[in-house]
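Text of work.csv (CSV, C-alpha atoms and all ligand atoms) as supplied:
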```csv
chain,number,residue,atom,x,y,z
A,51,MET,CA,-27.2,-15.1,-4.0
A,52,THR,CA,-28.9,-11.9,-4.9
A,53,ASN,CA,-26.4,-11.5,-7.7
A,54,THR,CA,-27.3,-14.8,-9.2
A,55,PHE,CA,-31.0,-14.2,-9.0
A,56,SER,CA,-30.7,-10.7,-10.4
A,57,PHE,CA,-28.7,-11.8,-13.3
A,58,ALA,CA,-31.3,-14.5,-14.1
A,59,SER,CA,-33.9,-11.7,-14.3
A,60,PHE,CA,-31.7,-9.7,-16.5
A,61,ALA,CA,-31.0,-12.6,-18.8
A,62,VAL,CA,-34.7,-13.3,-19.2
A,63,SER,CA,-35.4,-9.7,-19.9
A,64,VAL,CA,-32.7,-9.6,-22.6
A,65,CYS,CA,-34.1,-12.9,-23.9
A,66,LEU,CA,-37.5,-11.2,-24.1
A,67,ALA,CA,-36.1,-8.3,-26.0
A,68,LEU,CA,-34.5,-10.6,-28.5
A,69,ALA,CA,-37.9,-12.3,-29.0
A,70,GLY,CA,-38.5,-16.0,-29.5
A,71,CYS,CA,-36.6,-17.2,-26.4
A,72,SER,CA,-38.1,-20.5,-25.2
A,73,ASN,CA,-38.4,-19.6,-21.5
A,74,SER,CA,-40.1,-16.3,-22.1
A,75,LYS,CA,-43.1,-17.5,-19.9
A,76,LYS,CA,-40.7,-17.0,-17.0
A,77,ALA,CA,-40.4,-13.3,-18.0
A,78,ILE,CA,-39.3,-11.1,-15.2
A,79,SER,CA,-38.9,-7.4,-15.8
A,80,SER,CA,-35.4,-6.1,-16.3
A,81,SER,CA,-36.1,-3.6,-13.6
A,82,GLU,CA,-35.3,-6.4,-11.1
A,83,ILE,CA,-31.7,-5.7,-11.4
A,84,PRO,CA,-31.0,-2.4,-9.7
A,85,SER,CA,-30.5,0.5,-12.0
A,86,LEU,CA,-27.5,2.8,-11.7
A,87,LYS,CA,-29.3,5.8,-13.1
A,88,GLU,CA,-32.3,5.3,-10.8
A,89,THR,CA,-30.2,4.5,-7.7
A,90,PHE,CA,-28.2,7.7,-8.1
A,91,GLN,CA,-31.0,9.8,-9.6
A,92,LYS,CA,-30.8,12.4,-6.9
A,93,ASP,CA,-27.0,12.5,-6.9
A,94,PHE,CA,-25.6,12.5,-10.4
A,95,ILE,CA,-26.2,11.5,-14.0
A,96,ILE,CA,-24.7,8.1,-14.8
A,97,GLY,CA,-23.3,7.7,-18.3
A,98,THR,CA,-21.5,5.2,-20.6
A,99,ALA,CA,-19.5,5.5,-23.7
A,100,LEU,CA,-21.0,3.8,-26.8
A,101,ASN,CA,-19.2,2.3,-29.7
A,102,GLY,CA,-20.6,2.4,-33.3
A,103,GLN,CA,-22.4,-0.9,-33.1
A,104,GLN,CA,-24.2,0.1,-29.9
A,105,ILE,CA,-25.2,3.5,-31.3
A,106,GLU,CA,-26.8,1.7,-34.2
A,107,GLU,CA,-28.5,-0.7,-31.7
A,108,LYS,CA,-27.0,-3.6,-33.5
A,109,GLU,CA,-26.0,-5.2,-30.2
A,110,PRO,CA,-29.2,-6.6,-28.6
A,111,ASN,CA,-27.8,-6.9,-25.0
A,112,ALA,CA,-26.5,-3.4,-25.0
A,113,ALA,CA,-29.8,-2.1,-26.5
A,114,VAL,CA,-31.6,-3.4,-23.4
A,115,LEU,CA,-29.0,-2.7,-20.8
A,116,VAL,CA,-28.0,0.9,-21.7
A,117,PRO,CA,-31.4,2.6,-21.4
A,118,GLN,CA,-32.1,0.7,-18.2
A,119,GLN,CA,-28.8,1.6,-16.5
A,120,PHE,CA,-27.6,5.0,-17.9
A,121,ASN,CA,-29.0,8.4,-18.5
A,122,ALA,CA,-26.1,9.9,-20.4
A,123,ILE,CA,-24.0,8.7,-23.4
A,124,THR,CA,-20.7,9.7,-24.9
A,125,PRO,CA,-19.6,8.4,-28.4
A,126,GLU,CA,-16.4,6.5,-27.8
A,127,ASN,CA,-14.9,7.3,-31.2
A,128,ILE,CA,-17.4,8.5,-33.8
A,129,MET,CA,-17.2,12.3,-33.0
A,130,LYS,CA,-13.4,12.3,-33.1
A,131,ALA,CA,-12.0,14.4,-36.0
A,132,GLU,CA,-10.6,11.4,-38.0
A,133,ILE,CA,-14.2,10.0,-38.3
A,134,ILE,CA,-16.5,13.0,-38.3
A,135,HIS,CA,-14.2,15.2,-40.5
A,136,PRO,CA,-12.1,12.8,-42.6
A,137,GLU,CA,-11.1,15.2,-45.4
A,138,TRP,CA,-11.0,19.0,-46.1
A,139,GLY,CA,-14.5,20.3,-46.1
A,140,LYS,CA,-16.0,16.8,-45.8
A,141,TYR,CA,-18.0,15.9,-42.8
A,142,ASN,CA,-19.4,12.6,-42.0
A,143,PHE,CA,-22.3,13.2,-39.6
A,144,ASP,CA,-24.1,9.8,-40.0
A,145,LEU,CA,-23.2,8.2,-36.7
A,146,ALA,CA,-23.1,11.5,-34.8
A,147,ASP,CA,-26.7,12.2,-35.9
A,148,LYS,CA,-27.6,8.6,-34.8
A,149,ILE,CA,-26.2,9.0,-31.3
A,150,VAL,CA,-28.0,12.3,-30.9
A,151,ALA,CA,-31.3,10.6,-32.0
A,152,TYR,CA,-30.5,7.7,-29.6
A,153,GLY,CA,-30.0,10.0,-26.7
A,154,GLN,CA,-33.2,12.0,-27.5
A,155,LYS,CA,-35.2,8.8,-27.9
A,156,HIS,CA,-34.1,7.6,-24.4
A,157,LYS,CA,-34.1,11.1,-22.8
A,158,MET,CA,-30.4,10.9,-22.1
A,159,GLU,CA,-27.8,13.6,-21.8
A,160,ILE,CA,-25.4,13.5,-24.7
A,161,ASN,CA,-21.7,14.4,-24.2
A,162,GLY,CA,-19.9,15.5,-27.3
A,163,HIS,CA,-16.4,14.0,-27.4
A,164,THR,CA,-14.4,15.8,-28.6
A,165,LEU,CA,-13.7,19.0,-30.6
A,166,ILE,CA,-10.0,19.7,-30.2
A,167,TRP,CA,-7.6,16.8,-29.5
A,168,HIS,CA,-4.2,16.0,-30.8
A,169,SER,CA,-5.0,12.3,-31.2
A,170,GLN,CA,-7.2,10.6,-33.8
A,171,LEU,CA,-6.8,13.5,-36.2
A,172,PRO,CA,-7.4,12.9,-39.9
A,173,ALA,CA,-4.3,12.5,-42.1
A,174,PHE,CA,-4.9,15.8,-43.9
A,175,VAL,CA,-4.5,17.6,-40.6
A,176,ARG,CA,-1.5,15.6,-39.4
A,177,ARG,CA,0.2,16.5,-42.6
A,178,MET,CA,-0.4,20.3,-42.2
A,179,LYS,CA,2.7,22.4,-42.1
A,180,ASP,CA,1.5,26.0,-42.2
A,181,ALA,CA,-0.3,27.7,-39.4
A,182,ASP,CA,-3.0,29.2,-41.6
A,183,SER,CA,-4.2,25.8,-42.6
A,184,VAL,CA,-4.4,24.6,-39.0
A,185,ARG,CA,-6.2,27.7,-38.1
A,186,GLN,CA,-8.7,27.2,-40.9
A,187,PHE,CA,-9.3,23.6,-39.9
A,188,PHE,CA,-9.6,24.5,-36.2
A,189,THR,CA,-12.2,27.3,-36.8
A,190,ASP,CA,-14.3,25.4,-39.4
A,191,HIS,CA,-14.2,22.1,-37.4
A,192,ILE,CA,-15.4,23.7,-34.1
A,193,THR,CA,-18.0,26.0,-35.7
A,194,THR,CA,-19.5,23.4,-38.0
A,195,ILE,CA,-19.9,20.6,-35.5
A,196,ALA,CA,-20.8,22.6,-32.4
A,197,SER,CA,-23.4,24.7,-34.2
A,198,ARG,CA,-25.0,21.6,-35.8
A,199,TYR,CA,-25.6,20.1,-32.4
A,200,ASP,CA,-26.2,23.3,-30.4
A,201,GLY,CA,-28.5,22.4,-27.4
A,202,LYS,CA,-28.8,18.8,-28.6
A,203,ILE,CA,-25.4,18.0,-27.2
A,204,THR,CA,-25.7,18.7,-23.5
A,205,THR,CA,-22.0,19.0,-22.8
A,206,TRP,CA,-19.0,19.3,-25.1
A,207,ASP,CA,-15.4,18.2,-24.3
A,208,VAL,CA,-14.2,21.3,-26.1
A,209,VAL,CA,-10.6,20.5,-25.6
A,210,ASN,CA,-9.2,17.1,-24.7
A,211,GLU,CA,-5.8,16.3,-23.2
A,212,ALA,CA,-4.0,19.6,-23.7
A,213,LEU,CA,-1.6,19.1,-20.8
A,214,GLU,CA,1.7,17.3,-20.2
A,215,GLU,CA,2.2,15.4,-16.9
A,216,ASP,CA,4.1,18.4,-15.5
A,217,GLY,CA,1.2,20.7,-16.0
A,218,SER,CA,2.7,22.6,-19.0
A,219,LEU,CA,0.8,22.8,-22.3
A,220,ARG,CA,1.2,19.6,-24.4
A,221,LYS,CA,3.4,20.1,-27.4
A,222,SER,CA,0.7,19.3,-29.9
A,223,ILE,CA,0.1,20.6,-33.4
A,224,PHE,CA,-2.3,23.1,-32.0
A,225,LEU,CA,0.2,24.6,-29.5
A,226,GLU,CA,2.9,24.6,-32.1
A,227,LYS,CA,0.9,26.2,-34.9
A,228,LEU,CA,-1.6,28.3,-33.1
A,229,GLY,CA,0.2,29.4,-30.0
A,230,GLU,CA,-0.7,29.2,-26.3
A,231,ASP,CA,-4.0,31.0,-26.7
A,232,TYR,CA,-5.5,28.2,-28.7
A,233,ILE,CA,-7.5,26.8,-25.8
A,234,VAL,CA,-9.2,30.2,-25.2
A,235,ASP,CA,-9.8,30.5,-28.9
A,236,ALA,CA,-11.4,27.0,-29.0
A,237,PHE,CA,-13.8,27.8,-26.2
A,238,ARG,CA,-14.6,31.2,-27.7
A,239,LEU,CA,-15.6,29.5,-31.0
A,240,ALA,CA,-17.6,26.8,-29.2
A,241,GLN,CA,-19.4,29.4,-27.1
A,242,LYS,CA,-20.4,31.2,-30.2
A,243,ALA,CA,-21.5,28.1,-32.1
A,244,ALA,CA,-23.2,26.3,-29.2
A,245,PRO,CA,-24.7,28.8,-26.8
A,246,ASN,CA,-27.0,26.1,-25.5
A,247,SER,CA,-24.4,23.4,-24.8
A,248,LYS,CA,-22.2,23.3,-21.7
A,249,LEU,CA,-18.5,23.6,-22.4
A,250,TYR,CA,-15.9,21.5,-20.6
A,251,TYR,CA,-12.1,20.9,-20.5
A,252,ASN,CA,-11.4,17.1,-20.3
A,253,ASP,CA,-8.1,15.3,-19.5
A,254,TYR,CA,-6.6,12.3,-17.7
A,255,ASN,CA,-4.5,12.6,-14.5
A,256,ILE,CA,-5.8,16.1,-13.8
A,257,GLU,CA,-6.4,15.0,-10.3
A,258,GLN,CA,-2.6,14.8,-9.9
A,259,PRO,CA,-1.2,18.0,-8.3
A,260,LYS,CA,0.9,19.2,-11.2
A,261,LYS,CA,-1.6,18.6,-13.9
A,262,ARG,CA,-4.3,19.9,-11.6
A,263,ALA,CA,-2.4,23.2,-11.4
A,264,GLY,CA,-2.2,23.3,-15.2
A,265,THR,CA,-5.9,22.7,-15.5
A,266,ILE,CA,-6.6,25.5,-12.9
A,267,ALA,CA,-4.4,27.8,-15.0
A,268,ILE,CA,-6.5,27.0,-18.1
A,269,ILE,CA,-9.8,27.6,-16.3
A,270,LYS,CA,-8.5,30.9,-14.9
A,271,LYS,CA,-7.2,32.1,-18.2
A,272,LEU,CA,-10.6,31.4,-19.8
A,273,LYS,CA,-12.4,33.2,-17.1
A,274,ALA,CA,-10.0,36.2,-17.3
A,275,ALA,CA,-10.6,36.4,-21.1
A,276,GLY,CA,-14.4,36.4,-20.4
A,277,VAL,CA,-14.9,33.1,-22.2
A,278,ARG,CA,-17.3,30.5,-20.8
A,279,ILE,CA,-16.2,27.3,-19.3
A,280,ASP,CA,-18.8,25.3,-17.4
A,281,GLY,CA,-16.9,22.4,-16.1
A,282,VAL,CA,-13.9,20.1,-16.0
A,283,GLY,CA,-13.9,16.4,-16.9
A,284,ILE,CA,-11.6,14.1,-15.0
A,285,GLN,CA,-11.2,11.1,-17.2
A,286,GLY,CA,-10.7,8.5,-14.5
A,287,HIS,CA,-8.6,5.8,-16.1
A,288,TRP,CA,-7.2,4.4,-12.9
A,289,LYS,CA,-5.9,1.1,-11.5
A,290,ALA,CA,-8.3,-0.8,-9.3
A,291,TYR,CA,-5.5,-1.5,-6.9
A,292,ASN,CA,-4.3,2.1,-6.7
A,293,VAL,CA,-7.2,4.6,-6.9
A,294,PRO,CA,-5.8,8.0,-6.0
A,295,LEU,CA,-8.6,8.9,-3.6
A,296,LYS,CA,-6.8,11.8,-1.8
A,297,ASP,CA,-5.9,13.5,-5.1
A,298,ILE,CA,-9.4,13.0,-6.4
A,299,GLU,CA,-10.9,14.5,-3.2
A,300,GLU,CA,-8.6,17.5,-3.3
A,301,SER,CA,-9.4,18.0,-7.0
A,302,ILE,CA,-13.1,18.0,-6.5
A,303,LEU,CA,-12.7,20.7,-3.9
A,304,GLU,CA,-10.3,22.9,-5.9
A,305,TYR,CA,-12.1,22.7,-9.1
A,306,SER,CA,-15.5,23.3,-7.6
A,307,ALA,CA,-14.1,26.3,-5.7
A,308,LEU,CA,-13.6,27.9,-9.1
A,309,GLY,CA,-17.4,27.8,-9.6
A,310,ILE,CA,-17.5,25.1,-12.2
A,311,GLU,CA,-19.0,21.6,-12.4
A,312,VAL,CA,-16.8,18.5,-11.9
A,313,MET,CA,-17.5,15.3,-13.9
A,314,PHE,CA,-15.8,11.9,-14.1
A,315,THR,CA,-16.0,11.3,-17.8
A,316,GLU,CA,-14.2,8.0,-18.8
A,317,LEU,CA,-14.2,5.9,-15.7
A,318,ASP,CA,-12.6,2.4,-15.7
A,319,LEU,CA,-10.5,0.7,-13.2
A,320,GLY,CA,-7.9,-1.6,-14.9
A,321,VAL,CA,-6.6,-4.6,-13.1
A,322,LEU,CA,-3.7,-5.5,-15.3
A,323,PRO,CA,0.0,-4.7,-14.6
A,324,ASN,CA,1.4,-1.5,-16.0
A,325,PRO,CA,4.3,-2.0,-18.5
A,326,TRP,CA,5.9,1.2,-17.3
A,327,ASP,CA,6.0,3.6,-14.3
A,328,SER,CA,3.8,6.2,-15.9
A,329,ASP,CA,0.0,6.4,-15.1
A,330,ALA,CA,-0.6,8.4,-18.3
A,331,ALA,CA,-3.6,7.4,-20.5
A,332,ASP,CA,-2.1,8.6,-23.7
A,333,VAL,CA,-3.7,6.6,-26.5
A,334,ASN,CA,-0.5,6.8,-28.5
A,335,MET,CA,1.6,4.8,-26.0
A,336,LYS,CA,2.3,1.2,-26.9
A,337,ALA,CA,4.1,-1.7,-25.2
A,338,GLU,CA,4.9,-5.3,-26.3
A,339,TYR,CA,2.7,-8.2,-25.3
A,340,SER,CA,4.0,-10.8,-22.9
A,341,ALA,CA,2.2,-13.5,-20.9
A,342,LYS,CA,3.4,-11.8,-17.7
A,343,MET,CA,1.5,-8.7,-18.8
A,344,ASN,CA,-1.7,-10.6,-19.3
A,345,PRO,CA,-2.1,-12.6,-16.1
A,346,TYR,CA,-5.9,-13.3,-16.2
A,347,PRO,CA,-6.8,-14.5,-19.7
A,348,ASN,CA,-9.3,-17.0,-18.3
A,349,GLY,CA,-11.1,-15.1,-15.6
A,350,LEU,CA,-10.4,-12.7,-12.7
A,351,PRO,CA,-9.1,-14.4,-9.5
A,352,ASP,CA,-11.1,-13.6,-6.4
A,353,SER,CA,-8.2,-11.7,-4.8
A,354,MET,CA,-8.3,-9.2,-7.7
A,355,GLN,CA,-12.1,-9.2,-7.9
A,356,VAL,CA,-12.1,-8.0,-4.3
A,357,LYS,CA,-9.7,-5.2,-5.1
A,358,LEU,CA,-11.8,-4.1,-8.0
A,359,THR,CA,-14.9,-4.1,-5.9
A,360,LYS,CA,-13.3,-2.2,-3.1
A,361,GLY,CA,-11.8,0.3,-5.6
A,362,TYR,CA,-15.3,1.1,-7.0
A,363,GLU,CA,-16.8,1.2,-3.5
A,364,ASP,CA,-14.2,3.7,-2.2
A,365,LEU,CA,-14.7,5.8,-5.3
A,366,PHE,CA,-18.5,5.9,-5.1
A,367,ASN,CA,-18.4,6.7,-1.4
A,368,LEU,CA,-16.2,9.7,-2.3
A,369,PHE,CA,-18.5,10.7,-5.2
A,370,LEU,CA,-21.5,10.6,-2.9
A,371,LYS,CA,-19.8,12.7,-0.3
A,372,TYR,CA,-19.4,15.4,-3.0
A,373,LYS,CA,-22.6,14.8,-4.9
A,374,LYS,CA,-23.3,18.5,-4.9
A,375,GLU,CA,-20.1,19.2,-6.8
A,376,ILE,CA,-20.3,16.3,-9.2
A,377,SER,CA,-22.6,16.5,-12.1
A,378,ARG,CA,-22.0,13.2,-14.0
A,379,ILE,CA,-20.1,9.9,-13.8
A,380,THR,CA,-19.5,8.2,-17.1
A,381,PHE,CA,-18.0,4.7,-17.6
A,382,TRP,CA,-15.8,4.2,-20.6
A,383,GLY,CA,-17.7,1.4,-22.1
A,384,VAL,CA,-20.6,-0.9,-21.4
A,385,ASN,CA,-18.9,-4.2,-20.6
A,386,ASP,CA,-15.5,-5.6,-20.0
A,387,GLY,CA,-15.3,-7.3,-23.4
A,388,GLN,CA,-15.6,-4.0,-25.2
A,389,SER,CA,-13.2,-2.0,-23.1
A,390,TRP,CA,-10.4,-0.2,-24.8
A,391,LEU,CA,-8.2,-1.5,-22.0
A,392,ASN,CA,-8.1,-4.9,-23.7
A,393,GLY,CA,-6.1,-3.3,-26.5
A,394,TRP,CA,-4.2,-0.5,-24.8
A,395,PRO,CA,-1.4,0.0,-24.1
A,396,ILE,CA,-0.7,-3.7,-25.1
A,397,ARG,CA,-2.8,-5.4,-27.7
A,398,GLY,CA,-4.6,-8.7,-26.9
A,399,ARG,CA,-4.9,-8.6,-23.2
A,400,THR,CA,-8.0,-9.5,-21.1
A,401,ASN,CA,-9.0,-6.7,-18.7
A,402,TYR,CA,-11.9,-6.4,-16.3
A,403,PRO,CA,-12.4,-2.7,-15.7
A,404,LEU,CA,-16.1,-2.1,-15.8
A,405,LEU,CA,-19.2,-3.0,-13.8
A,406,PHE,CA,-20.6,-5.5,-16.3
A,407,ASP,CA,-18.8,-8.6,-17.5
A,408,ARG,CA,-18.4,-10.0,-21.0
A,409,GLU,CA,-21.9,-11.5,-20.8
A,410,PHE,CA,-23.4,-8.2,-19.7
A,411,LYS,CA,-23.8,-9.7,-16.2
A,412,PRO,CA,-23.5,-7.3,-13.3
A,413,LYS,CA,-20.2,-8.0,-11.4
A,414,PRO,CA,-19.8,-7.8,-7.6
A,415,ALA,CA,-18.5,-4.3,-8.1
A,416,PHE,CA,-21.8,-3.3,-9.6
A,417,TYR,CA,-23.7,-4.4,-6.5
A,418,ARG,CA,-21.2,-2.8,-4.2
A,419,VAL,CA,-21.6,0.5,-6.1
A,420,ILE,CA,-25.4,0.3,-5.7
A,421,GLU,CA,-24.9,-0.4,-2.0
A,422,THR,CA,-22.9,2.7,-1.4
A,423,LYS,CA,-26.2,4.5,-1.9
A,424,THR,CA,-28.8,2.0,-0.6
A,425,LYS,CA,-26.9,0.9,2.5
A,426,GLY,CA,-25.6,4.4,3.3
A,427,SER,CA,-22.0,3.2,3.7
A,428,ALA,CA,-20.9,6.6,2.4
A,429,LYS,CA,-21.8,8.1,5.8
A,430,LYS,CA,-19.8,5.5,7.6
A,431,ALA,CA,-16.8,5.7,5.4
A,432,PHE,CA,-16.1,9.4,5.9
B,501,LIG,C1,-10.1,5.6,-26.8
B,501,LIG,C2,-11.1,4.6,-27.4
B,501,LIG,O1,-11.8,4.0,-26.3
B,501,LIG,C3,-10.5,3.6,-28.3
B,501,LIG,O2,-11.5,2.8,-28.9
B,501,LIG,C4,-9.7,4.3,-29.3
B,501,LIG,O3,-9.0,3.3,-30.1
B,501,LIG,C5,-8.7,5.2,-28.7
B,501,LIG,O4,-9.3,6.1,-27.9
B,501,LIG,N1,-8.9,9.3,-23.5
B,501,LIG,C6,-9.9,9.7,-24.3
B,501,LIG,C7,-10.7,8.8,-25.1
B,501,LIG,O5,-10.2,10.9,-24.3
B,501,LIG,O6,-11.1,9.3,-26.3
B,501,LIG,C8,-9.9,7.5,-25.4
B,501,LIG,O7,-10.7,6.6,-26.1
B,501,LIG,C9,-9.3,6.9,-24.2
B,501,LIG,C10,-8.4,7.9,-23.5
```

Can you present the structure in this file as C-alpha cells?
Ligand code: XIL
Amino acid sequence: MTNTFSFASFAVSVCLALAGCSNSKKAISSSEIPSLKETFQKDFIIGTALNGQQIEEKEPNAAVLVPQQFNAITPENIMKAEIIHPEWGKYNFDLADKIVAYGQKHKMEINGHTLIWHSQLPAFVRRMKDADSVRQFFTDHITTIASRYDGKITTWDVVNEALEEDGSLRKSIFLEKLGEDYIVDAFRLAQKAAPNSKLYYNDYNIEQPKKRAGTIAIIKKLKAAGVRIDGVGIQGHWKAYNVPLKDIEESILEYSALGIEVMFTELDLGVLPNPWDSDAADVNMKAEYSAKMNPYPNGLPDSMQVKLTKGYEDLFNLFLKYKKEISRITFWGVNDGQSWLNGWPIRGRTNYPLLFDREFKPKPAFYRVIETKTKGSAKKAF
C-alpha cells in the first residue's frame, strides 16, 4: 500500500516538474517518497551512473529523481577514452564539463570514470604498435584530463579492470607496451595532476579471493612506491539470486585493513540467466540471443522479485554493518530500462537490476533497502 501511495506522490511531482499536468492541484512534494541519500546520509554517499541524455537533463523523470535520491554521480560512458579523447591531441570535454556542472549545481560528489582502461579505447590507440606512442598517449591522457578537473572530480577511477580472474595482471595493451609498473605510473601521474581528487583502483569480482589478492598486491605496490591510493572500488555487478556476501564481507575487512576507503561503484543485481559459467563483467564478452536466455520480457514474476528484494536487503544490511569502512555506494544506472544489462552480454534482453522500474517507479527492493536503515534490521541480521 505504502508503495502505491508513494509512487502516486512521485508521479505527481514529476508531473509538476514537467509543467502543465492536469492534476497539478493534487501536488504532493516528491519528498514523500523516501530518499536514498537522506536515509543513508549518516552512513554513506549514494550515487548513480548517468548517461548522456541524463547529464544534459533531457530526460524529465531523471531530472527530478536523480537530485532527490542521489548525492553522487558517475558518467556511465562519456569520460571513457573513446569519447573524451577520440583522436591524437583532440579532446572532447563537452559532456564531461556538463556532468561536472551538474554535480556542482546539485552539490553532488563526482566520480571520474575512468582514466586508464583497456576497453572503449579510441581506434588510434587500439592501432598503436610501438611502446613510445602508448606511453605518450598514457601520459598526455591522464595529465590533461585529471588536471582539468582537479578538485572538481571528487574521486577518480584511475585504473579500471587491470586484473584477470586469477589475480594476475590483465594482458592489456598497457601491460604489453608499458610493462608491469604501468599502474604505479598511472597513479603517480594522476597524483601530480589532481592533488585534490581522491584516487581509486576499480574492478569487478575483486571481492573474489584470487582477484582480491591481486588487488591487494596492487595497493601494496603503490604504497611501497610512495604513490597515493585512497581507495578501492568494487564494481558489484552481481546476480540477485547469488550475491557473494561472505566474499564481500571479507573484502571490506581486508581492504580497509590496508588503510584505504572501500566503495561499491557499479552496483546492479541482474536477474537473468548467465550464458556461461563465468561471473566476469568484461564488456567485451558476447553471447547469442535465445528466448531461454530472456525469460521475463513482459515483467518480473513475483518469485524473482522476492529474490531481487532479498538480495538488496542482505547487501544493504552488510553495508550498514560496515558503514565506517564504506564511503560510497553507486548504482550503475537510474532505472531498469536504461541498464547496460539489457544489452550485455546478450543484446535485446529485458533485465530488472536496479531499484527503479522502467517508469521510474520505486520497486519493492527500493523500499526494502530503505527499511534496512529505518527499521534497523541490520542489527537483527548480524
Ligand atoms: C558499460 C556501460 O554501462 C555501457 O553503456 C557500455 O556500452 C559498456 O560499458 N564495468 C565498467 C563500466 O567499468 O564502465 C561498464 O559500463 C560496465 C562494466

Could the residues of chain A that have an atom at most 9 Å from ligand LIG 501 (chain B) be listed as JSON lines, each with its closest atom pair and the distance in Å to one decimal, counting only C-alpha atoms and all ligand atoms and ordered by chain and ascending residue number?
```
{"residue": "A:Ala99", "atom": "CA", "partner": "B:LIG501", "partner_atom": "O1", "distance": 8.3}
{"residue": "A:Asn101", "atom": "CA", "partner": "B:LIG501", "partner_atom": "O2", "distance": 7.8}
{"residue": "A:Pro125", "atom": "CA", "partner": "B:LIG501", "partner_atom": "O6", "distance": 8.8}
{"residue": "A:Glu126", "atom": "CA", "partner": "B:LIG501", "partner_atom": "O1", "distance": 5.4}
{"residue": "A:Asn127", "atom": "CA", "partner": "B:LIG501", "partner_atom": "C2", "distance": 6.0}
{"residue": "A:Lys130", "atom": "CA", "partner": "B:LIG501", "partner_atom": "O6", "distance": 7.8}
{"residue": "A:His163", "atom": "CA", "partner": "B:LIG501", "partner_atom": "O6", "distance": 7.2}
{"residue": "A:Thr164", "atom": "CA", "partner": "B:LIG501", "partner_atom": "O6", "distance": 7.6}
{"residue": "A:Trp167", "atom": "CA", "partner": "B:LIG501", "partner_atom": "O5", "distance": 8.3}
{"residue": "A:Ser169", "atom": "CA", "partner": "B:LIG501", "partner_atom": "O4", "distance": 8.2}
{"residue": "A:Gln170", "atom": "CA", "partner": "B:LIG501", "partner_atom": "C5", "distance": 7.6}
{"residue": "A:Asp207", "atom": "CA", "partner": "B:LIG501", "partner_atom": "O5", "distance": 9.0}
{"residue": "A:Asn210", "atom": "CA", "partner": "B:LIG501", "partner_atom": "O5", "distance": 6.3}
{"residue": "A:Glu211", "atom": "CA", "partner": "B:LIG501", "partner_atom": "O5", "distance": 7.1}
{"residue": "A:Asn252", "atom": "CA", "partner": "B:LIG501", "partner_atom": "O5", "distance": 7.5}
{"residue": "A:Asp253", "atom": "CA", "partner": "B:LIG501", "partner_atom": "O5", "distance": 6.8}
{"residue": "A:Tyr254", "atom": "CA", "partner": "B:LIG501", "partner_atom": "N1", "distance": 6.9}
{"residue": "A:Gln285", "atom": "CA", "partner": "B:LIG501", "partner_atom": "N1", "distance": 6.9}
{"residue": "A:His287", "atom": "CA", "partner": "B:LIG501", "partner_atom": "C10", "distance": 7.7}
{"residue": "A:Thr315", "atom": "CA", "partner": "B:LIG501", "partner_atom": "O5", "distance": 8.7}
{"residue": "A:Glu316", "atom": "CA", "partner": "B:LIG501", "partner_atom": "C6", "distance": 7.2}
{"residue": "A:Ala331", "atom": "CA", "partner": "B:LIG501", "partner_atom": "C10", "distance": 5.7}
{"residue": "A:Asp332", "atom": "CA", "partner": "B:LIG501", "partner_atom": "C10", "distance": 6.3}
{"residue": "A:Val333", "atom": "CA", "partner": "B:LIG501", "partner_atom": "C5", "distance": 5.6}
{"residue": "A:Asn334", "atom": "CA", "partner": "B:LIG501", "partner_atom": "C5", "distance": 8.4}
{"residue": "A:Trp382", "atom": "CA", "partner": "B:LIG501", "partner_atom": "O1", "distance": 7.0}
{"residue": "A:Gly383", "atom": "CA", "partner": "B:LIG501", "partner_atom": "O1", "distance": 7.7}
{"residue": "A:Gln388", "atom": "CA", "partner": "B:LIG501", "partner_atom": "O2", "distance": 8.8}
{"residue": "A:Ser389", "atom": "CA", "partner": "B:LIG501", "partner_atom": "O1", "distance": 6.9}
{"residue": "A:Trp390", "atom": "CA", "partner": "B:LIG501", "partner_atom": "O1", "distance": 4.7}
{"residue": "A:Leu391", "atom": "CA", "partner": "B:LIG501", "partner_atom": "O1", "distance": 7.9}
{"residue": "A:Gly393", "atom": "CA", "partner": "B:LIG501", "partner_atom": "O3", "distance": 8.1}
{"residue": "A:Trp394", "atom": "CA", "partner": "B:LIG501", "partner_atom": "O3", "distance": 8.1}
```

May I have a table of the residues of stretch 344-416 of chain A lying at most 9 Å from stretch 111-124 of chain A, giving each one's closest pair of atoms and their distance in Å to one decimal, counting all atoms listed in the file, ordered by chain and ascending residue number, as JSON lines?
```
{"residue": "A:Arg378", "atom": "CA", "partner": "A:Ala122", "partner_atom": "CA", "distance": 8.3}
{"residue": "A:Ile379", "atom": "CA", "partner": "A:Ala122", "partner_atom": "CA", "distance": 8.9}
{"residue": "A:Thr380", "atom": "CA", "partner": "A:Ala122", "partner_atom": "CA", "distance": 7.6}
{"residue": "A:Trp382", "atom": "CA", "partner": "A:Thr124", "partner_atom": "CA", "distance": 8.5}
{"residue": "A:Val384", "atom": "CA", "partner": "A:Ala112", "partner_atom": "CA", "distance": 7.3}
{"residue": "A:Asn385", "atom": "CA", "partner": "A:Ala112", "partner_atom": "CA", "distance": 8.8}
{"residue": "A:Glu409", "atom": "CA", "partner": "A:Asn111", "partner_atom": "CA", "distance": 8.6}
{"residue": "A:Phe410", "atom": "CA", "partner": "A:Asn111", "partner_atom": "CA", "distance": 7.0}
```

Residue contacts of A:Ala212 (9 Å, all atoms listed in the file) excluding same-chain residues fewer than 5 positions away, as a VMD selection string: chain A and resid 166 to 168 218 to 222 225 233 251 to 253 265

Interatomic distance, atom CA of A:Asp386 to atom CA of A:Phe406 (Å, one decimal): 6.3 Å

Considering all atoms listed in the file, return as a tab-separated table (two decimals) with C-alpha atoms, in the coordinates of the input whatever protein or nucleic-acid residues lie within 9 Å of A:Lys242, sequence-local ones (same chain, fewer than 2 positions apart) excluded.
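See around.tsv below for the written result:
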```tsv
chain	number	residue	atom	x	y	z
A	193	THR	CA	-18.00	26.00	-35.70
A	196	ALA	CA	-20.80	22.60	-32.40
A	197	SER	CA	-23.40	24.70	-34.20
A	237	PHE	CA	-13.80	27.80	-26.20
A	238	ARG	CA	-14.60	31.20	-27.70
A	239	LEU	CA	-15.60	29.50	-31.00
A	240	ALA	CA	-17.60	26.80	-29.20
A	244	ALA	CA	-23.20	26.30	-29.20
A	245	PRO	CA	-24.70	28.80	-26.80
```
